[in-house]
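Q: My structure is stored as model35.pdb, with PDB, C-alpha atoms.
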```pdb
ATOM      1  CA  MET A   1     -21.239 -15.080  10.581
ATOM      2  CA  TYR A   2     -24.687 -13.714  11.419
ATOM      3  CA  ALA A   3     -25.934 -13.993   7.848
ATOM      4  CA  SER A   4     -25.391 -17.769   7.957
ATOM      5  CA  VAL A   5     -27.855 -18.301  10.844
ATOM      6  CA  PRO A   6     -31.075 -18.260   8.713
ATOM      7  CA  VAL A   7     -29.428 -20.511   6.146
ATOM      8  CA  LEU A   8     -28.499 -23.085   8.798
ATOM      9  CA  LEU A   9     -32.006 -23.007  10.250
ATOM     10  CA  VAL A  10     -33.635 -23.550   6.860
ATOM     11  CA  ALA A  11     -31.209 -26.373   6.096
ATOM     12  CA  SER A  12     -31.893 -28.038   9.448
ATOM     13  CA  GLY A  13     -35.645 -27.749   8.956
ATOM     14  CA  THR A  14     -35.450 -29.170   5.441
ATOM     15  CA  ILE A  15     -33.477 -32.198   6.564
ATOM     16  CA  GLY A  16     -35.791 -32.720   9.558
ATOM     17  CA  TYR A  17     -38.993 -32.689   7.523
ATOM     18  CA  HIS A  18     -37.452 -34.921   4.883
ATOM     19  CA  LEU A  19     -36.445 -37.539   7.462
ATOM     20  CA  ILE A  20     -39.523 -37.356   9.715
ATOM     21  CA  GLU A  21     -42.316 -36.965   7.157
ATOM     22  CA  GLY A  22     -40.593 -38.514   4.158
ATOM     23  CA  TRP A  23     -41.414 -35.473   1.999
ATOM     24  CA  SER A  24     -39.442 -34.520  -1.096
ATOM     25  CA  TRP A  25     -36.554 -32.112  -0.628
ATOM     26  CA  PHE A  26     -38.514 -29.263  -2.181
ATOM     27  CA  GLY A  27     -41.580 -29.972  -0.057
ATOM     28  CA  ALA A  28     -39.412 -30.123   3.059
ATOM     29  CA  LEU A  29     -37.740 -26.854   2.093
ATOM     30  CA  TYR A  30     -41.125 -25.200   1.577
ATOM     31  CA  ALA A  31     -42.384 -26.346   4.961
ATOM     32  CA  SER A  32     -39.188 -25.186   6.665
ATOM     33  CA  VAL A  33     -39.413 -21.697   5.171
ATOM     34  CA  ILE A  34     -43.072 -21.096   6.012
ATOM     35  CA  THR A  35     -42.510 -22.362   9.551
ATOM     36  CA  LEU A  36     -39.525 -20.062  10.206
ATOM     37  CA  THR A  37     -41.364 -17.076   8.700
ATOM     38  CA  SER A  38     -44.315 -17.754  11.055
ATOM     39  CA  ILE A  39     -46.790 -18.266   8.205
ATOM     40  CA  GLY A  40     -47.855 -21.524   9.823
ATOM     41  CA  TYR A  41     -49.499 -23.043   6.741
ATOM     42  CA  GLU A  42     -49.052 -26.778   6.457
ATOM     43  CA  GLY A  43     -49.632 -26.946   2.684
ATOM     44  CA  HIS A  44     -51.163 -30.052   1.143
ATOM     45  CA  HIS A  45     -49.281 -32.412   3.497
ATOM     46  CA  ALA A  46     -50.709 -33.436   6.839
ATOM     47  CA  LEU A  47     -48.220 -33.477   9.679
ATOM     48  CA  SER A  48     -47.715 -36.494  11.862
ATOM     49  CA  THR A  49     -47.299 -36.205  15.611
ATOM     50  CA  GLY A  50     -43.543 -36.281  15.232
ATOM     51  CA  GLY A  51     -43.787 -33.651  12.517
ATOM     52  CA  ARG A  52     -45.857 -31.372  14.740
ATOM     53  CA  ILE A  53     -43.357 -31.734  17.583
ATOM     54  CA  PHE A  54     -40.475 -30.938  15.209
ATOM     55  CA  THR A  55     -42.389 -27.904  13.877
ATOM     56  CA  MET A  56     -42.875 -26.536  17.384
ATOM     57  CA  VAL A  57     -39.179 -26.981  18.202
ATOM     58  CA  LEU A  58     -38.124 -25.434  14.892
ATOM     59  CA  ALA A  59     -40.454 -22.467  15.302
ATOM     60  CA  VAL A  60     -39.507 -21.690  18.908
ATOM     61  CA  GLY A  61     -35.806 -22.364  18.421
ATOM     62  CA  GLY A  62     -35.704 -20.537  15.108
ATOM     63  CA  ILE A  63     -37.354 -17.400  16.407
ATOM     64  CA  SER A  64     -35.079 -17.377  19.464
ATOM     65  CA  THR A  65     -31.939 -17.869  17.361
ATOM     66  CA  VAL A  66     -32.893 -15.226  14.806
ATOM     67  CA  ALA A  67     -33.691 -12.781  17.611
ATOM     68  CA  ALA A  68     -30.300 -13.455  19.223
ATOM     69  CA  ALA A  69     -28.555 -12.977  15.876
ATOM     70  CA  ALA A  70     -30.408  -9.701  15.312
ATOM     71  CA  THR A  71     -29.381  -8.542  18.783
ATOM     72  CA  GLU A  72     -25.734  -9.333  18.046
ATOM     73  CA  ILE A  73     -25.900  -7.470  14.730
ATOM     74  CA  LEU A  74     -27.386  -4.388  16.396
ATOM     75  CA  SER A  75     -24.779  -4.634  19.159
ATOM     76  CA  THR A  76     -22.023  -4.773  16.581
ATOM     77  CA  ILE A  77     -23.319  -1.672  14.844
ATOM     78  CA  ILE A  78     -23.825   0.207  18.089
ATOM     79  CA  THR A  79     -20.407  -0.663  19.577
ATOM     80  CA  GLY A  80     -18.564   0.456  16.449
ATOM     81  CA  GLU A  81     -17.359  -2.896  15.168
ATOM     82  CA  PHE A  82     -19.278  -2.410  11.955
ATOM     83  CA  ARG A  83     -17.729   1.014  11.569
ATOM     84  CA  ASP A  84     -14.279  -0.500  12.068
ATOM     85  CA  TYR A  85     -15.058  -3.098   9.435
ATOM     86  CA  ARG A  86     -16.015  -0.400   6.958
ATOM     87  CA  GLU A  87     -12.831   1.511   7.768
ATOM     88  CA  ARG A  88     -10.754  -1.597   7.055
ATOM     89  CA  ARG A  89     -12.559  -2.088   3.753
ATOM     90  CA  ARG A  90     -11.957   1.550   2.816
ATOM     91  CA  MET A  91      -8.275   1.314   3.720
ATOM     92  CA  ARG A  92      -7.931  -1.871   1.680
ATOM     93  CA  ARG A  93      -9.339  -0.114  -1.379
ATOM     94  CA  ARG A  94      -6.948   2.825  -0.888
ATOM     95  CA  ILE A  95      -3.944   0.503  -0.619
ATOM     96  CA  ASP A  96      -5.035  -1.446  -3.702
ATOM     97  CA  ALA A  97      -5.096   1.842  -5.628
ATOM     98  CA  LEU A  98      -1.495   2.732  -4.689
ATOM     99  CA  ASP A  99       1.416   2.441  -7.107
ATOM    100  CA  GLN A 100       5.125   3.204  -6.621
ATOM    101  CA  HIS A 101       4.714   3.540  -2.874
ATOM    102  CA  VAL A 102       7.097   2.653  -0.052
ATOM    103  CA  ILE A 103       6.358  -0.161   2.400
ATOM    104  CA  VAL A 104       7.661   0.518   5.919
ATOM    105  CA  CYS A 105       7.856  -2.647   8.025
ATOM    106  CA  GLY A 106       7.922  -1.742  11.707
ATOM    107  CA  HIS A 107       6.517   1.403  13.312
ATOM    108  CA  GLY A 108       8.798   1.779  16.293
ATOM    109  CA  ALA A 109      11.083   4.726  16.998
ATOM    110  CA  VAL A 110      13.010   4.312  13.730
ATOM    111  CA  GLY A 111       9.938   3.500  11.651
ATOM    112  CA  GLN A 112       8.144   6.590  12.909
ATOM    113  CA  GLN A 113      11.005   8.845  11.801
ATOM    114  CA  VAL A 114      11.102   7.110   8.413
ATOM    115  CA  CYS A 115       7.386   7.738   7.962
ATOM    116  CA  LYS A 116       7.803  11.379   8.963
ATOM    117  CA  GLU A 117      10.463  11.899   6.297
ATOM    118  CA  LEU A 118       8.329  10.184   3.678
ATOM    119  CA  ARG A 119       5.322  12.260   4.675
ATOM    120  CA  ASP A 120       7.331  15.495   4.527
ATOM    121  CA  ASN A 121       8.473  14.572   1.014
ATOM    122  CA  ARG A 122       4.927  13.597  -0.009
ATOM    123  CA  VAL A 123       5.910  10.038  -0.860
ATOM    124  CA  PRO A 124       3.009   7.562  -0.485
ATOM    125  CA  PHE A 125       3.714   4.756   1.960
ATOM    126  CA  VAL A 126       2.100   1.835   3.767
ATOM    127  CA  ILE A 127       3.026   0.822   7.323
ATOM    128  CA  VAL A 128       3.110  -2.845   8.303
ATOM    129  CA  ASP A 129       3.237  -3.843  11.964
ATOM    130  CA  ARG A 130       1.941  -6.754  14.011
ATOM    131  CA  GLN A 131       0.889  -4.586  16.970
ATOM    132  CA  GLU A 132      -2.348  -2.622  16.805
ATOM    133  CA  GLN A 133      -1.163  -0.065  19.370
ATOM    134  CA  ALA A 134       1.786   0.791  17.125
ATOM    135  CA  LEU A 135      -0.458   1.489  14.123
ATOM    136  CA  ALA A 136      -3.188   3.504  15.871
ATOM    137  CA  PRO A 137      -1.206   6.809  16.048
ATOM    138  CA  ALA A 138      -0.251   6.465  12.373
ATOM    139  CA  ARG A 139      -3.876   5.977  11.325
ATOM    140  CA  ASP A 140      -4.821   9.073  13.300
ATOM    141  CA  LEU A 141      -2.456  10.984  11.000
ATOM    142  CA  GLY A 142      -4.091   9.502   7.912
ATOM    143  CA  ALA A 143      -1.444   6.872   7.157
ATOM    144  CA  LEU A 144      -2.305   3.628   5.407
ATOM    145  CA  THR A 145      -1.605   0.608   7.592
ATOM    146  CA  VAL A 146      -1.662  -3.181   7.443
ATOM    147  CA  LEU A 147      -1.941  -5.147  10.681
ATOM    148  CA  GLY A 148       0.006  -8.391  10.427
ATOM    149  CA  ASP A 149       3.327 -10.175  10.382
ATOM    150  CA  ALA A 150       5.642  -8.588   7.803
ATOM    151  CA  THR A 151       7.451 -11.900   7.339
ATOM    152  CA  ALA A 152       4.277 -13.465   5.891
ATOM    153  CA  ASP A 153       3.656 -13.463   2.145
ATOM    154  CA  ALA A 154      -0.020 -12.552   2.560
ATOM    155  CA  THR A 155       0.777  -9.505   4.703
ATOM    156  CA  LEU A 156       3.280  -8.022   2.254
ATOM    157  CA  GLY A 157       0.962  -8.898  -0.606
ATOM    158  CA  GLY A 158      -1.781  -6.947   1.127
ATOM    159  CA  ALA A 159       0.585  -3.973   1.362
ATOM    160  CA  GLY A 160       1.009  -4.025  -2.438
ATOM    161  CA  ILE A 161       4.576  -5.279  -2.653
ATOM    162  CA  GLY A 162       4.157  -6.095  -6.334
ATOM    163  CA  ARG A 163       3.535  -2.407  -7.111
ATOM    164  CA  ALA A 164       5.865  -0.886  -4.509
ATOM    165  CA  ARG A 165       8.733   1.491  -5.204
ATOM    166  CA  ALA A 166      10.813   0.251  -2.266
ATOM    167  CA  LEU A 167      10.617  -1.530   1.077
ATOM    168  CA  ILE A 168      12.194  -0.470   4.362
ATOM    169  CA  ALA A 169      12.721  -3.171   6.990
ATOM    170  CA  ALA A 170      12.758  -1.188  10.243
ATOM    171  CA  ALA A 171      11.692  -3.803  12.774
ATOM    172  CA  GLY A 172      13.289  -3.702  16.209
ATOM    173  CA  ALA A 173      15.020  -7.096  15.968
ATOM    174  CA  ASP A 174      17.684  -8.054  13.430
ATOM    175  CA  PRO A 175      16.375 -11.624  12.864
ATOM    176  CA  GLU A 176      12.968 -10.228  11.980
ATOM    177  CA  ASN A 177      14.514  -7.802   9.482
ATOM    178  CA  VAL A 178      16.396 -10.688   7.873
ATOM    179  CA  LEU A 179      13.159 -12.653   7.438
ATOM    180  CA  ILE A 180      11.312  -9.587   6.154
ATOM    181  CA  THR A 181      14.068  -8.955   3.626
ATOM    182  CA  MET A 182      14.091 -12.570   2.466
ATOM    183  CA  THR A 183      10.306 -12.677   2.083
ATOM    184  CA  ALA A 184      10.188  -9.381   0.201
ATOM    185  CA  ARG A 185      13.001 -10.419  -2.134
ATOM    186  CA  LEU A 186      11.196 -13.651  -3.025
ATOM    187  CA  LEU A 187       7.952 -11.790  -3.715
ATOM    188  CA  ASN A 188       9.557  -9.004  -5.760
ATOM    189  CA  PRO A 189      13.053  -9.802  -7.120
ATOM    190  CA  ARG A 190      13.637  -6.250  -8.423
ATOM    191  CA  LEU A 191      12.418  -4.321  -5.401
ATOM    192  CA  PRO A 192      14.926  -1.990  -3.702
ATOM    193  CA  ILE A 193      15.112  -3.069  -0.050
ATOM    194  CA  VAL A 194      16.721  -0.981   2.693
ATOM    195  CA  ALA A 195      17.135  -2.866   5.968
ATOM    196  CA  ARG A 196      17.989  -1.711   9.475
ATOM    197  CA  ALA A 197      20.845  -3.510  11.220
ATOM    198  CA  LYS A 198      21.418  -3.128  14.947
ATOM    199  CA  GLU A 199      24.474  -5.397  15.005
ATOM    200  CA  GLU A 200      27.362  -5.213  12.548
ATOM    201  CA  ALA A 201      27.320  -9.016  12.224
ATOM    202  CA  THR A 202      23.805  -8.830  10.782
ATOM    203  CA  VAL A 203      24.844  -6.772   7.750
ATOM    204  CA  PRO A 204      26.192  -9.681   5.627
ATOM    205  CA  LYS A 205      23.121 -11.746   6.518
ATOM    206  CA  LEU A 206      20.827  -8.979   5.325
ATOM    207  CA  LEU A 207      22.785  -8.623   2.105
ATOM    208  CA  ARG A 208      22.608 -12.359   1.456
ATOM    209  CA  ALA A 209      18.884 -12.277   2.195
ATOM    210  CA  GLY A 210      18.456  -9.742  -0.599
ATOM    211  CA  ALA A 211      18.841  -6.291   0.940
ATOM    212  CA  THR A 212      19.906  -3.579  -1.491
ATOM    213  CA  ARG A 213      21.366  -1.497   1.313
ATOM    214  CA  THR A 214      21.765  -1.794   5.067
ATOM    215  CA  ILE A 215      21.857   1.035   7.559
ATOM    216  CA  SER A 216      22.812   0.925  11.219
ATOM    217  CA  PRO A 217      21.158   3.771  13.175
ATOM    218  CA  TYR A 218      23.881   3.577  15.825
ATOM    219  CA  ALA A 219      26.662   3.897  13.254
ATOM    220  CA  VAL A 220      24.916   6.830  11.575
ATOM    221  CA  VAL A 221      24.415   8.665  14.856
ATOM    222  CA  ALA A 222      27.998   7.977  15.925
ATOM    223  CA  GLY A 223      29.338   9.299  12.634
ATOM    224  CA  ARG A 224      27.246  12.459  12.854
ATOM    225  CA  LEU A 225      28.352  13.090  16.413
ATOM    226  CA  ALA A 226      31.984  12.789  15.391
ATOM    227  CA  GLN A 227      31.500  15.031  12.337
ATOM    228  CA  ALA A 228      29.777  17.633  14.498
ATOM    229  CA  VAL A 229      33.101  17.974  16.357
ATOM    230  CA  LEU A 230      35.568  17.412  13.525
ATOM    231  CA  ARG A 231      33.822  19.248  10.648
ATOM    232  CA  PRO A 232      30.839  21.140  12.071
ATOM    233  CA  SER A 233      30.468  23.616   9.190
ATOM    234  CA  VAL A 234      30.582  20.879   6.567
ATOM    235  CA  LEU A 235      27.959  18.901   8.472
ATOM    236  CA  ASP A 236      25.686  21.945   8.732
ATOM    237  CA  LEU A 237      25.965  22.626   5.007
ATOM    238  CA  LEU A 238      25.187  19.028   4.095
ATOM    239  CA  GLU A 239      22.162  19.022   6.369
ATOM    240  CA  VAL A 240      20.847  22.201   4.777
ATOM    241  CA  ALA A 241      21.381  20.796   1.287
ATOM    242  CA  ALA A 242      19.803  17.435   2.013
ATOM    243  CA  HIS A 243      16.735  18.477   3.961
ATOM    244  CA  ALA A 244      13.652  19.057   1.861
ATOM    245  CA  LYS A 245      12.240  21.952   3.893
ATOM    246  CA  TYR A 246      15.196  24.218   3.087
ATOM    247  CA  LEU A 247      14.245  25.395  -0.376
ATOM    248  CA  GLY A 248      17.335  27.531  -0.902
ATOM    249  CA  LEU A 249      19.696  24.652  -1.618
ATOM    250  CA  GLN A 250      18.691  21.112  -2.464
ATOM    251  CA  VAL A 251      20.584  17.976  -3.356
ATOM    252  CA  GLU A 252      18.668  15.738  -5.753
ATOM    253  CA  GLU A 253      19.277  12.607  -7.795
ATOM    254  CA  GLN A 254      17.987  11.928 -11.296
ATOM    255  CA  LEU A 255      18.080   8.618 -13.129
ATOM    256  CA  VAL A 256      18.943   8.910 -16.824
ATOM    257  CA  ASP A 257      16.446   6.861 -18.848
ATOM    258  CA  ARG A 258      17.814   4.598 -21.534
ATOM    259  CA  GLY A 259      16.907   6.086 -24.896
ATOM    260  CA  GLY A 260      15.770   9.301 -23.206
ATOM    261  CA  PRO A 261      16.706  12.880 -24.152
ATOM    262  CA  LEU A 262      19.916  12.799 -22.064
ATOM    263  CA  ASP A 263      21.131   9.352 -23.120
ATOM    264  CA  GLY A 264      24.327   9.541 -25.167
ATOM    265  CA  LYS A 265      24.985  13.243 -24.647
ATOM    266  CA  THR A 266      27.688  15.054 -22.728
ATOM    267  CA  LEU A 267      26.973  17.372 -19.832
ATOM    268  CA  GLU A 268      27.624  20.362 -22.091
ATOM    269  CA  SER A 269      25.379  19.227 -24.952
ATOM    270  CA  SER A 270      22.608  18.186 -22.552
ATOM    271  CA  GLY A 271      22.200  21.771 -21.371
ATOM    272  CA  LEU A 272      21.830  20.741 -17.733
ATOM    273  CA  ARG A 273      24.340  23.303 -16.546
ATOM    274  CA  SER A 274      23.870  26.102 -19.040
ATOM    275  CA  GLN A 275      20.079  26.004 -19.440
ATOM    276  CA  THR A 276      18.747  24.767 -16.109
ATOM    277  CA  GLY A 277      21.428  26.092 -13.783
ATOM    278  CA  LEU A 278      21.893  22.702 -12.140
ATOM    279  CA  MET A 279      25.249  21.944 -10.606
ATOM    280  CA  VAL A 280      26.109  18.333 -11.463
ATOM    281  CA  VAL A 281      28.451  17.336  -8.672
ATOM    282  CA  ALA A 282      28.692  13.608  -9.449
ATOM    283  CA  ILE A 283      27.633  10.894 -11.874
ATOM    284  CA  LYS A 284      26.991   7.436 -10.471
ATOM    285  CA  HIS A 285      27.343   4.737 -13.122
ATOM    286  CA  PRO A 286      25.326   1.487 -13.136
ATOM    287  CA  ASP A 287      28.418  -0.489 -12.055
ATOM    288  CA  GLY A 288      28.617   1.535  -8.827
ATOM    289  CA  GLN A 289      31.534   3.771  -9.874
ATOM    290  CA  VAL A 290      31.101   7.465  -9.045
ATOM    291  CA  ALA A 291      32.673  10.304 -11.033
ATOM    292  CA  PHE A 292      32.901  13.415  -8.843
ATOM    293  CA  ASN A 293      32.981  16.941 -10.277
ATOM    294  CA  PRO A 294      32.559  15.764 -13.900
ATOM    295  CA  THR A 295      33.789  18.003 -16.706
ATOM    296  CA  ASN A 296      31.571  19.381 -19.461
ATOM    297  CA  ASP A 297      32.665  16.664 -21.889
ATOM    298  CA  ALA A 298      31.722  13.844 -19.476
ATOM    299  CA  PRO A 299      29.291  11.468 -21.219
ATOM    300  CA  VAL A 300      25.830  10.809 -19.833
ATOM    301  CA  VAL A 301      24.575   7.288 -20.484
ATOM    302  CA  GLY A 302      21.227   5.652 -19.809
ATOM    303  CA  GLY A 303      21.283   4.040 -16.366
ATOM    304  CA  ASP A 304      23.532   6.750 -14.887
ATOM    305  CA  THR A 305      22.338   8.647 -11.822
ATOM    306  CA  LEU A 306      23.070  12.374 -11.753
ATOM    307  CA  ILE A 307      23.689  13.950  -8.344
ATOM    308  CA  THR A 308      22.767  17.602  -8.657
ATOM    309  CA  VAL A 309      22.634  20.682  -6.474
ATOM    310  CA  THR A 310      19.944  23.274  -7.099
ATOM    311  CA  VAL A 311      20.230  26.845  -5.842
ATOM    312  CA  VAL A 312      16.674  28.198  -5.651
ATOM    313  CA  SER A 313      17.328  31.192  -3.455
ATOM    314  CA  ARG A 314      20.302  32.955  -1.965
ATOM    315  CA  ALA A 315      18.517  33.191   1.404
ATOM    316  CA  LEU A 316      19.892  30.079   3.057
ATOM    317  CA  PRO A 317      19.273  29.441   6.754
ATOM    318  CA  ARG A 318      21.982  30.410   9.179
ATOM    319  CA  LEU A 319      24.520  27.651   9.717
ATOM    320  CA  GLY A 320      26.146  26.561  12.950
ATOM    321  CA  ARG A 321      23.187  25.538  15.132
ATOM    322  CA  GLY A 322      22.237  22.164  13.707
ATOM    323  CA  ALA A 323      20.294  22.888  10.516
ATOM    324  CA  GLY A 324      18.151  19.757  10.630
ATOM    325  CA  ARG A 325      18.044  16.035  10.112
ATOM    326  CA  ALA A 326      19.735  14.619   7.063
ATOM    327  CA  SER A 327      17.664  12.934   4.366
ATOM    328  CA  ILE A 328      17.849  12.211   0.666
ATOM    329  CA  PRO A 329      14.599  13.367  -0.982
ATOM    330  CA  ARG A 330      13.741  12.156  -4.430
TER     331      ARG A 330
END
```
Transcribe the structure of this file into structure tokens.
A:
Amino acid sequence: MYASVPVLLVASGTIGYHLIEGWSWFGALYASVITLTSIGYEGHHALSTGGRIFTMVLAVGGISTVAAAATEILSTIITGEFRDYRERRRMRRRIDALDQHVIVCGHGAVGQQVCKELRDNRVPFVIVDRQEQALAPARDLGALTVLGDATADATLGGAGIGRARALIAAAGADPENVLITMTARLLNPRLPIVARAKEEATVPKLLRAGATRTISPYAVVAGRLAQAVLRPSVLDLLEVAAHAKYLGLQVEEQLVDRGGPLDGKTLESSGLRSQTGLMVVAIKHPDGQVAFNPTNDAPVVGGDTLITVTVVSRALPRLGRGAGRASIPR
């Protein structure tokens, strides 16, 4: 904005001299520049009375305008706006360098917990929210953020949706999550999208909009509360196994690459159990079918997902007091 002020003044002076004195465009440009730079040399053209009046107006007005622009520039630097601009440029470069990251749309109560889990598992992520006050605490923690409407193509494009590993629609309103899901699906047809649903009636809408999976926080909490009464020991064990900070026992998932070293082998010939000590508790096939407790002769095919349990240490935390929040680390 401020850089355009000298250009506008020179252009105005050039047009004025050309119309008043009838000079060529280059001669008018030359006279405009030397007037605004206070050189005050008329050149080989003599100025008419109208030309002298225009020169005085241009000189006084030009100096005043340039001084005001310089004052605004210094004010911007002093008040920190320039620093904020540099921070936005730096954040943009960091986001552009990301690959296989997670985009979290919405930084409310649910979005904050999602970001905490991603941060604990060292998964890169970008937060998108339309409210500056919601993003400020995340930036203080070093998170990458994009201020804008997550239902807009440009906003998700700025978050790197074309390179993202997944997107989580965690906005507070179901209609907004539907629009976010629809926009993300159109921009990246193969992107895994997990959407929050407050109302059960929203689930089919999210699925039709392109969500890979929907999760209702209320249903999850209700189920955990019931399990804490009905099967408390089982719930404690699952929480210990699923949470990343408990290194003694971890549940992981591994995608079998097509044409990779495991493709076409059985569990026994792959050496997963005998050589690595992994406990393969289930195999999820590409069609969604799950084979629990597979035998040693169970085939492993590219596209399968192996659900494994790793015992790193025998020193597991004590069960029975709420071992932690459940998550599924990669």
Q: Report, in Å to a single decimal, how far apart atom CA of A:Val220 and atom CA of A:Ala171 are.
A: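 We find that atom CA of A:Ala171 and atom CA of A:Val220 lie 17.0 Å from each other.
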Q: What does the PyMOL selection byres ((chain A and resi 131-133) around 10) select in this file, as a list in words?
A: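 Written out, the selection comes to Gly106, His107, Val128, Asp129, Arg130, Ala134, Leu135, Ala136, Pro137, Ala138, Thr145, Val146, Leu147, Gly148 and Asp149 of chain A.
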Q: One decimal, Å: what's the distance from atom CA of A:Leu98 over to atom CA of A:Gln112, could you say?
A: 20.4 Å
Q: How many Å lie between atom CA of A:Leu167 and atom CA of A:Ala211, rounded to one decimal?
A: 9.5 Å
Q: Going by the chain IDs and residue numbers used in this file, which residues fall under the PyMOL selection byres ((chain A and resi 302) around 12)? Write them as a list of chain:residue names.
A: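 For this structure, the PyMOL selection byres ((chain A and resi 302) around 12) resolves to A:Gln254, A:Leu255, A:Val256, A:Asp257, A:Arg258, A:Gly259, A:Gly260, A:Pro261, A:Leu262, A:Asp263, A:Gly264, A:Lys265, A:Thr266, A:Ile283, A:Lys284, A:His285, A:Pro286, A:Pro299, A:Val300, A:Val301, A:Gly303, A:Asp304, A:Thr305, A:Leu306.
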Q: Please build the interface table for stretch 55-133 of chain A against stretch 180-200 of chain A with a cut-off of 10 Å, listing for each qualifying residue the nearest atom pair and the distance in Å to one decimal; count all atoms listed in the file, order rows by chain and increasing number, and write it as a Markdown table.
A:
```
| residue | atom | partner | partner_atom | distance |
| --- | --- | --- | --- | --- |
| A:Val102 | CA | A:Pro192 | CA | 9.8 |
| A:Ile103 | CA | A:Ile193 | CA | 9.5 |
| A:Val104 | CA | A:Val194 | CA | 9.7 |
| A:Cys105 | CA | A:Ile180 | CA | 8.0 |
| A:Val110 | CA | A:Arg196 | CA | 8.9 |
| A:Gly111 | CA | A:Arg196 | CA | 9.8 |
```
Q: Calculate, to one decimal in Å, the centre and edge lengths of the box along x, y and z of the file that holds all listed atoms of stretch 6-21 of chain A with 3 Å of margin on each side, and present them as AutoDock Vina command-line options.
A:
```
--center_x -35.4 --center_y -27.9 --center_z 7.6 --size_x 19.8 --size_y 25.3 --size_z 11.4
```
Q: I want to know what sits within 12 Å of A:Val60, based on only C-alpha atoms, with residues of the same chain fewer than 3 positions away left out; could you give that as a CSV table (one decimal) with C-alpha atoms, keeping the file's coordinate frame?
A:
```
chain,number,residue,atom,x,y,z
A,9,LEU,CA,-32.0,-23.0,10.2
A,35,THR,CA,-42.5,-22.4,9.6
A,36,LEU,CA,-39.5,-20.1,10.2
A,37,THR,CA,-41.4,-17.1,8.7
A,38,SER,CA,-44.3,-17.8,11.1
A,53,ILE,CA,-43.4,-31.7,17.6
A,54,PHE,CA,-40.5,-30.9,15.2
A,55,THR,CA,-42.4,-27.9,13.9
A,56,MET,CA,-42.9,-26.5,17.4
A,57,VAL,CA,-39.2,-27.0,18.2
A,63,ILE,CA,-37.4,-17.4,16.4
A,64,SER,CA,-35.1,-17.4,19.5
A,65,THR,CA,-31.9,-17.9,17.4
A,66,VAL,CA,-32.9,-15.2,14.8
A,67,ALA,CA,-33.7,-12.8,17.6
```
Q: Find, counting only C-alpha atoms, the residue in A:Ala46, A:Arg163, A:Asp99, A:Pro217 that gets nearest to A:Gly22.
A: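 Smallest distance to A:Gly22 is found for A:Ala46.
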Q: For the file shown, what are the residues hit by the PyMOL selection byres ((chain A and resi 91-96) around 8), laid out as a list in words?
A: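 So the PyMOL selection byres ((chain A and resi 91-96) around 8), applied here, picks out Glu87, Arg88, Arg89, Arg90, Ala97, Leu98, Val126, Leu144, Thr145, Gly158, Ala159 and Gly160 of chain A.
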Q: Would you please work out which residue, of A:Leu141, A:Ala31, A:Ile215, A:Cys115, is nearest to A:Leu47 when using only C-alpha atoms?
A: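 Answer, going by the shortest atom-to-atom distance: A:Ala31.
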Q: Could you check the closest approach to A:Ser216 for each of A:Ala201, A:Leu74, A:Leu58, A:Leu230 and tell me which residue wins, using only C-alpha atoms?
A: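 Of the candidates, the smallest distance to A:Ser216 is held by A:Ala201.
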Q: Give me, as a list in words, all polymer residues having an atom no more than 9 Å from A:Ser48, counting only C-alpha atoms and skipping those fewer than 4 positions away in the same chain.
A: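 Near neighbours after the sequence-gap exclusion: Ile20, Glu21, Arg52 and Ile53 of chain A.
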Q: Here is a test: counting only C-alpha atoms, which residue of A:Ala291, A:Val251, A:Ala298, A:Leu237 is nearest to A:Ser270?
A: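 Answer, going by the shortest atom-to-atom distance: A:Ala298.
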Q: I'd like the neighbourhood of A:Ile307 as a VMD selection string, where a residue qualifies if any of its atoms comes within 7 Å (using all atoms listed in the file), though same-chain residues fewer than 6 positions away should be ignored.
A: chain A and resid 252 to 254 280 to 283
Q: Could the residues in this selection be written to a file with C-alpha atoms, as an mmCIF file, in the frame of the given file?
A:
```cif
data_model
loop_
_atom_site.group_PDB
_atom_site.id
_atom_site.type_symbol
_atom_site.label_atom_id
_atom_site.label_comp_id
_atom_site.auth_asym_id
_atom_site.auth_seq_id
_atom_site.Cartn_x
_atom_site.Cartn_y
_atom_site.Cartn_z
ATOM 1 C CA GLU A 252 18.668 15.738 -5.753
ATOM 2 C CA GLU A 253 19.277 12.607 -7.795
ATOM 3 C CA GLN A 254 17.987 11.928 -11.296
ATOM 4 C CA VAL A 280 26.109 18.333 -11.463
ATOM 5 C CA VAL A 281 28.451 17.336 -8.672
ATOM 6 C CA ALA A 282 28.692 13.608 -9.449
ATOM 7 C CA ILE A 283 27.633 10.894 -11.874
#
```
